[in-house]
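Trainee: Let me begin by handing over the structure; questions about it come next.
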Amino acid sequence: MAATQINRALDFVHDAVREAGALWWRFFDWLALVEWRQLYLIWFLALVTGFFFAVSEPAIWFVLISFGVKVLAGGKRRAELLAREASDKANVATLERRLMEAQMATLQAQVEPHFLFNTLALIGQLIETDQKEAARVHGFLIEYLRASLPQMRSRNGKGSGGTLGKQVELSRAYLAIMQARMKERLAVRFEVPDFLGSAPFPPMMLQTLIENAIKHGLEPKVSGGTILVRAQVVGATLHVDVCDDGVGIDLHAGEGVGLANIRERLALLYGKAAELAIEIPPGGGACVSIRLPYRMTEDD
């Protein structure tokens with residue numbers, strides 16, 4: 001019986017010491033982070049309360065101990081805590097970025113078969129009516145796959161698929177196929193200088209803007225219209241625009257999944273340094289612009 005009581009007492013002492021240690025480190029971390037102005041106010045309140053209730057000695061010890069800890073070790077501990085917090089935030093941002101890229105890969109895996117089936121069905125129809133056109137569309141499909149496969153294999157959005165040149169190449173092949181489907185209802189213009197081809201640019205964003213312009217701008221318009229893909233450097237910012245002269249866009253309506261996804265990816269990849277801008281040109285239609293920090297190559 002005595003042994004059991006001794007063990008309980010030892011367990012109690014062990015738990016008390018452990019809890020006291022935890023409380024001390026919480027107090028230590030609080031002292032490291034609290035501002036001096038706030039600490040002065042707490043000292044003043046502690047001294048006033050101590051003198052009022054005739055317990056001034058504990059209040060004075062509290063002031064002396066906290067002052068000593070703050071001066072001797074507060075700066076170093078504060079730096080350690082802030083560094084840990086920054087590291088935790090960086091790890092969370094990395095995980096969020098990886099999750100977003102995984103979601104993009106899943107979305108692309110869902111979109112690609114639909115697009116491929118429609119293109120193959122178009123080729124099948126053209127074989128019976130226009131074999132020369134069927135051969136052209138088949139060639140466009142090969143170009144599209146040649147441009148898209150490297151970035152589909154890319155796991156982090158960098159490398160072979162992460163340049164503006166690769167995205168433009170993919171978009172040209174995609175739009176060529178869409179022109180074969182829409183005929184004279186779709187005209188295409190590219191205004192992308194060659195020197196911007198090596199600039200880093202996230203995969204699938206440009207094609208998403210083009211798909212959005214066709215679906216919401218040109219397909220609802222009986223006569224169709226024109227897609228303009230334009231890129232330029234303004235200051236230190238790369239502007240990549242996709243404009244159409246379709247039915248226009250309601251700026252007060254909610255964004256679709258594609259645009260919302262681009263906005264989230266830009267925030268994860270570049271923070272506040274990038275943005276997605278939506279404008280209505282004077283002549284009607286819509287112009288959606290991706291703006292991000294300009295770098296000449298991926299190594300810059």
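Convention: chains lettered A, B, ... in structure tokens order; per-chain residue numbering from 1; ligands numbered from 1 as shown.
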Leaving out Val192 of chain A and any residue of its chain fewer than 3 positions from it, which residues lie within 9 Å of it when counting only C-alpha atoms, given as an MDAnalysis selection string?
Mentor: chainID A and resid 165 168 195:197 229:232 240
Trainee: Please produce a file of the residues just selected, as a JSON list (two decimals), in the first residue's frame, where the atoms kept are all heavy atoms.
Mentor:
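Here's the written file result_12.json:
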[["chain", "number", "residue", "atom", "x", "y", "z"],
["A", 165, "GLY", "N", 6.42, 30.41, -74.39],
["A", 165, "GLY", "CA", 6.54, 29.85, -75.73],
["A", 165, "GLY", "C", 5.83, 28.51, -75.86],
["A", 165, "GLY", "O", 5.13, 28.26, -76.85],
["A", 168, "VAL", "N", 2.06, 29.09, -75.79],
["A", 168, "VAL", "CA", 1.59, 29.64, -77.07],
["A", 168, "VAL", "C", 1.54, 28.54, -78.13],
["A", 168, "VAL", "O", 0.59, 28.45, -78.92],
["A", 168, "VAL", "CB", 2.49, 30.80, -77.52],
["A", 168, "VAL", "CG1", 2.17, 31.20, -78.96],
["A", 168, "VAL", "CG2", 2.30, 32.01, -76.59],
["A", 195, "PHE", "N", 10.89, 37.06, -78.35],
["A", 195, "PHE", "CA", 11.80, 37.09, -77.20],
["A", 195, "PHE", "C", 11.10, 36.72, -75.89],
["A", 195, "PHE", "O", 11.76, 36.40, -74.90],
["A", 195, "PHE", "CB", 12.46, 38.47, -77.08],
["A", 195, "PHE", "CG", 11.56, 39.54, -76.51],
["A", 195, "PHE", "CD1", 11.52, 39.79, -75.15],
["A", 195, "PHE", "CD2", 10.77, 40.32, -77.36],
["A", 195, "PHE", "CE1", 10.71, 40.80, -74.63],
["A", 195, "PHE", "CE2", 9.95, 41.31, -76.86],
["A", 195, "PHE", "CZ", 9.92, 41.55, -75.48],
["A", 196, "LEU", "N", 9.75, 36.73, -75.88],
["A", 196, "LEU", "CA", 9.02, 36.36, -74.68],
["A", 196, "LEU", "C", 8.80, 34.85, -74.58],
["A", 196, "LEU", "O", 8.26, 34.38, -73.57],
["A", 196, "LEU", "CB", 7.66, 37.07, -74.64],
["A", 196, "LEU", "CG", 7.70, 38.58, -74.44],
["A", 196, "LEU", "CD1", 6.29, 39.17, -74.45],
["A", 196, "LEU", "CD2", 8.40, 38.93, -73.12],
["A", 197, "GLY", "N", 9.21, 34.11, -75.59],
["A", 197, "GLY", "CA", 8.97, 32.67, -75.58],
["A", 197, "GLY", "C", 9.64, 31.96, -74.43],
["A", 197, "GLY", "O", 9.14, 30.94, -73.94],
["A", 229, "VAL", "N", -4.64, 36.73, -78.90],
["A", 229, "VAL", "CA", -3.71, 36.37, -77.84],
["A", 229, "VAL", "C", -2.53, 37.33, -77.93],
["A", 229, "VAL", "O", -1.84, 37.38, -78.96],
["A", 229, "VAL", "CB", -3.23, 34.92, -77.97],
["A", 229, "VAL", "CG1", -2.24, 34.58, -76.86],
["A", 229, "VAL", "CG2", -4.42, 33.96, -77.94],
["A", 230, "ARG", "N", -2.31, 38.09, -76.87],
["A", 230, "ARG", "CA", -1.31, 39.16, -76.91],
["A", 230, "ARG", "C", -0.43, 39.09, -75.67],
["A", 230, "ARG", "O", -0.90, 38.77, -74.57],
["A", 230, "ARG", "CB", -2.02, 40.50, -76.98],
["A", 230, "ARG", "CG", -1.13, 41.73, -76.98],
["A", 230, "ARG", "CD", -2.00, 42.96, -77.12],
["A", 230, "ARG", "NE", -2.99, 43.05, -76.04],
["A", 230, "ARG", "CZ", -4.17, 43.66, -76.13],
["A", 230, "ARG", "NH1", -4.54, 44.23, -77.27],
["A", 230, "ARG", "NH2", -4.99, 43.71, -75.09],
["A", 231, "ALA", "N", 0.86, 39.38, -75.84],
["A", 231, "ALA", "CA", 1.79, 39.41, -74.70],
["A", 231, "ALA", "C", 2.71, 40.61, -74.84],
["A", 231, "ALA", "O", 3.15, 40.95, -75.94],
["A", 231, "ALA", "CB", 2.60, 38.12, -74.63],
["A", 232, "GLN", "N", 2.99, 41.24, -73.70],
["A", 232, "GLN", "CA", 3.89, 42.39, -73.69],
["A", 232, "GLN", "C", 4.45, 42.57, -72.28],
["A", 232, "GLN", "O", 3.88, 42.07, -71.30],
["A", 232, "GLN", "CB", 3.16, 43.66, -74.13],
["A", 232, "GLN", "CG", 1.95, 43.98, -73.28],
["A", 232, "GLN", "CD", 1.18, 45.18, -73.78],
["A", 232, "GLN", "OE1", 1.76, 46.11, -74.33],
["A", 232, "GLN", "NE2", -0.13, 45.18, -73.59],
["A", 240, "VAL", "N", -0.14, 38.98, -70.26],
["A", 240, "VAL", "CA", -0.60, 38.03, -71.27],
["A", 240, "VAL", "C", -2.12, 38.15, -71.34],
["A", 240, "VAL", "O", -2.82, 37.84, -70.38],
["A", 240, "VAL", "CB", -0.18, 36.59, -70.93],
["A", 240, "VAL", "CG1", -0.71, 35.62, -71.97],
["A", 240, "VAL", "CG2", 1.33, 36.49, -70.83]]
Trainee: Using only C-alpha atoms, determine which residues lie at most 8 Å from Arg189 of chain A, disregarding the query and same-chain residues fewer than 5 positions distant; provide the list as a VMD selection string.
Mentor: chain A and resid 226 to 229
Trainee: What's the separation between atom CA of Thr297 of chain A and atom CA of Thr163 of chain A, in Å to one decimal place?
Mentor: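 These two atoms are separated by 8.1 Å.
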Trainee: So the first atom is atom CA of Glu169 of chain A and the second is atom CA of Gly258 of chain A; what is the distance between them in Å, to one decimal place?
Mentor: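 Between atom CA of Glu169 of chain A and atom CA of Gly258 of chain A the gap is 20.4 Å.
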Trainee: Just the residues within 9 Å of Leu218 of chain A, please, counting only C-alpha atoms, with nothing from its chain fewer than 4 positions along; format it as number ranges by chain.
Mentor: A: 185-186, 213-214, 222-227, 244-248, 285
Trainee: Print the selection's residues with N, CA and C atoms to a file, as a PDB file, in the first residue's frame.
Mentor:
ATOM      1  N   ARG A 185     -16.600  30.903 -88.265  1.00  0.00           N
ATOM      2  CA  ARG A 185     -17.069  31.586 -87.050  1.00  0.00           C
ATOM      3  C   ARG A 185     -15.929  31.908 -86.090  1.00  0.00           C
ATOM      4  N   LEU A 186     -14.735  31.410 -86.357  1.00  0.00           N
ATOM      5  CA  LEU A 186     -13.612  31.659 -85.456  1.00  0.00           C
ATOM      6  C   LEU A 186     -12.399  32.155 -86.238  1.00  0.00           C
ATOM      7  N   ALA A 213     -12.952  32.136 -73.349  1.00  0.00           N
ATOM      8  CA  ALA A 213     -13.377  33.136 -74.337  1.00  0.00           C
ATOM      9  C   ALA A 213     -14.247  32.508 -75.419  1.00  0.00           C
ATOM     10  N   ILE A 214     -13.901  31.302 -75.850  1.00  0.00           N
ATOM     11  CA  ILE A 214     -14.703  30.640 -76.878  1.00  0.00           C
ATOM     12  C   ILE A 214     -16.063  30.223 -76.326  1.00  0.00           C
ATOM     13  N   VAL A 222     -23.903  34.233 -82.838  1.00  0.00           N
ATOM     14  CA  VAL A 222     -24.221  33.519 -84.081  1.00  0.00           C
ATOM     15  C   VAL A 222     -23.100  33.661 -85.104  1.00  0.00           C
ATOM     16  N   SER A 223     -22.579  34.863 -85.258  1.00  0.00           N
ATOM     17  CA  SER A 223     -21.540  35.100 -86.269  1.00  0.00           C
ATOM     18  C   SER A 223     -20.146  34.746 -85.776  1.00  0.00           C
ATOM     19  N   GLY A 224     -20.012  34.345 -84.497  1.00  0.00           N
ATOM     20  CA  GLY A 224     -18.699  34.039 -83.962  1.00  0.00           C
ATOM     21  C   GLY A 224     -17.873  35.287 -83.760  1.00  0.00           C
ATOM     22  N   GLY A 225     -16.565  35.191 -83.952  1.00  0.00           N
ATOM     23  CA  GLY A 225     -15.724  36.364 -83.761  1.00  0.00           C
ATOM     24  C   GLY A 225     -14.252  36.004 -83.775  1.00  0.00           C
ATOM     25  N   THR A 226     -13.445  36.866 -83.150  1.00  0.00           N
ATOM     26  CA  THR A 226     -11.992  36.748 -83.193  1.00  0.00           C
ATOM     27  C   THR A 226     -11.424  36.587 -81.794  1.00  0.00           C
ATOM     28  N   ILE A 227     -10.436  35.702 -81.682  1.00  0.00           N
ATOM     29  CA  ILE A 227      -9.653  35.545 -80.464  1.00  0.00           C
ATOM     30  C   ILE A 227      -8.294  36.199 -80.684  1.00  0.00           C
ATOM     31  N   ASP A 244     -11.555  38.860 -76.874  1.00  0.00           N
ATOM     32  CA  ASP A 244     -12.499  38.412 -77.892  1.00  0.00           C
ATOM     33  C   ASP A 244     -13.522  39.510 -78.140  1.00  0.00           C
ATOM     34  N   ASP A 245     -14.178  39.440 -79.281  1.00  0.00           N
ATOM     35  CA  ASP A 245     -15.227  40.404 -79.604  1.00  0.00           C
ATOM     36  C   ASP A 245     -16.596  39.719 -79.589  1.00  0.00           C
ATOM     37  N   GLY A 246     -16.756  38.852 -78.605  1.00  0.00           N
ATOM     38  CA  GLY A 246     -18.002  38.091 -78.485  1.00  0.00           C
ATOM     39  C   GLY A 246     -19.095  38.844 -77.772  1.00  0.00           C
ATOM     40  N   VAL A 247     -19.940  38.099 -77.067  1.00  0.00           N
ATOM     41  CA  VAL A 247     -21.130  38.684 -76.439  1.00  0.00           C
ATOM     42  C   VAL A 247     -20.790  39.501 -75.193  1.00  0.00           C
ATOM     43  N   GLY A 248     -19.555  39.441 -74.741  1.00  0.00           N
ATOM     44  CA  GLY A 248     -19.170  40.239 -73.587  1.00  0.00           C
ATOM     45  C   GLY A 248     -19.251  39.454 -72.298  1.00  0.00           C
ATOM     46  N   GLY A 285     -17.163  42.851 -76.207  1.00  0.00           N
ATOM     47  CA  GLY A 285     -16.429  41.627 -75.958  1.00  0.00           C
ATOM     48  C   GLY A 285     -15.801  41.635 -74.581  1.00  0.00           C
TER      49      GLY A 285
END
Trainee: For Gln167 of chain A, which residue out of A:Ile210, A:Leu39, A:Ile123, A:Leu23 is the nearest one, using only C-alpha atoms?
Mentor: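 Using only C-alpha atoms, Gln167 of chain A sits closest to A:Ile210.
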Trainee: Please identify all polymer residues within 10 Å of segment 132-134 of chain A, counting only C-alpha atoms, omitting same-chain residues fewer than 4 positions from it, and present them as a VMD selection string.
Mentor: chain A and resid 120 122 to 128 138 to 140 180
Trainee: Identify which of the residues A:Leu276, A:Ile290, A:Ala46, A:Ile142 lies closest to Phe201 of chain A, counting only C-alpha atoms when measuring atom-to-atom distances.
Mentor: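 Closest candidate: A:Ile290.
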Trainee: Report the distance between atom CA of Trp30 of chain A and atom CA of Phe51 of chain A in Å, rounded to one decimal place.
Mentor: 24.7 Å
Trainee: For Arg291 of chain A, which of A:Leu238, A:Asn212, A:Val257, A:Gly271 is the closest residue, counting only C-alpha atoms?
Mentor: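 Closest residue, counting only C-alpha atoms: A:Leu238.
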Trainee: List as a list in words the protein and nucleic acid residues near Ala173 of chain A, meaning an atom at most 8 Å away when only C-alpha atoms are counted, but skip any in the same chain fewer than 5 places from it.
Mentor: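 So, after excluding close chain neighbours, the residues are Phe140, Leu141, Glu143 and Tyr144 of chain A.
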Trainee: Next, the residues of the selection above should be written as a PDB file, in the first residue's frame with C-alpha atoms.
Mentor:
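Now in again.pdb:
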ATOM      1  CA  PHE A 140      -3.052  19.807 -85.663  1.00  0.00           C
ATOM      2  CA  LEU A 141      -3.932  17.100 -83.142  1.00  0.00           C
ATOM      3  CA  GLU A 143       1.024  19.178 -82.750  1.00  0.00           C
ATOM      4  CA  TYR A 144      -1.297  19.658 -79.783  1.00  0.00           C
TER       5      TYR A 144
END
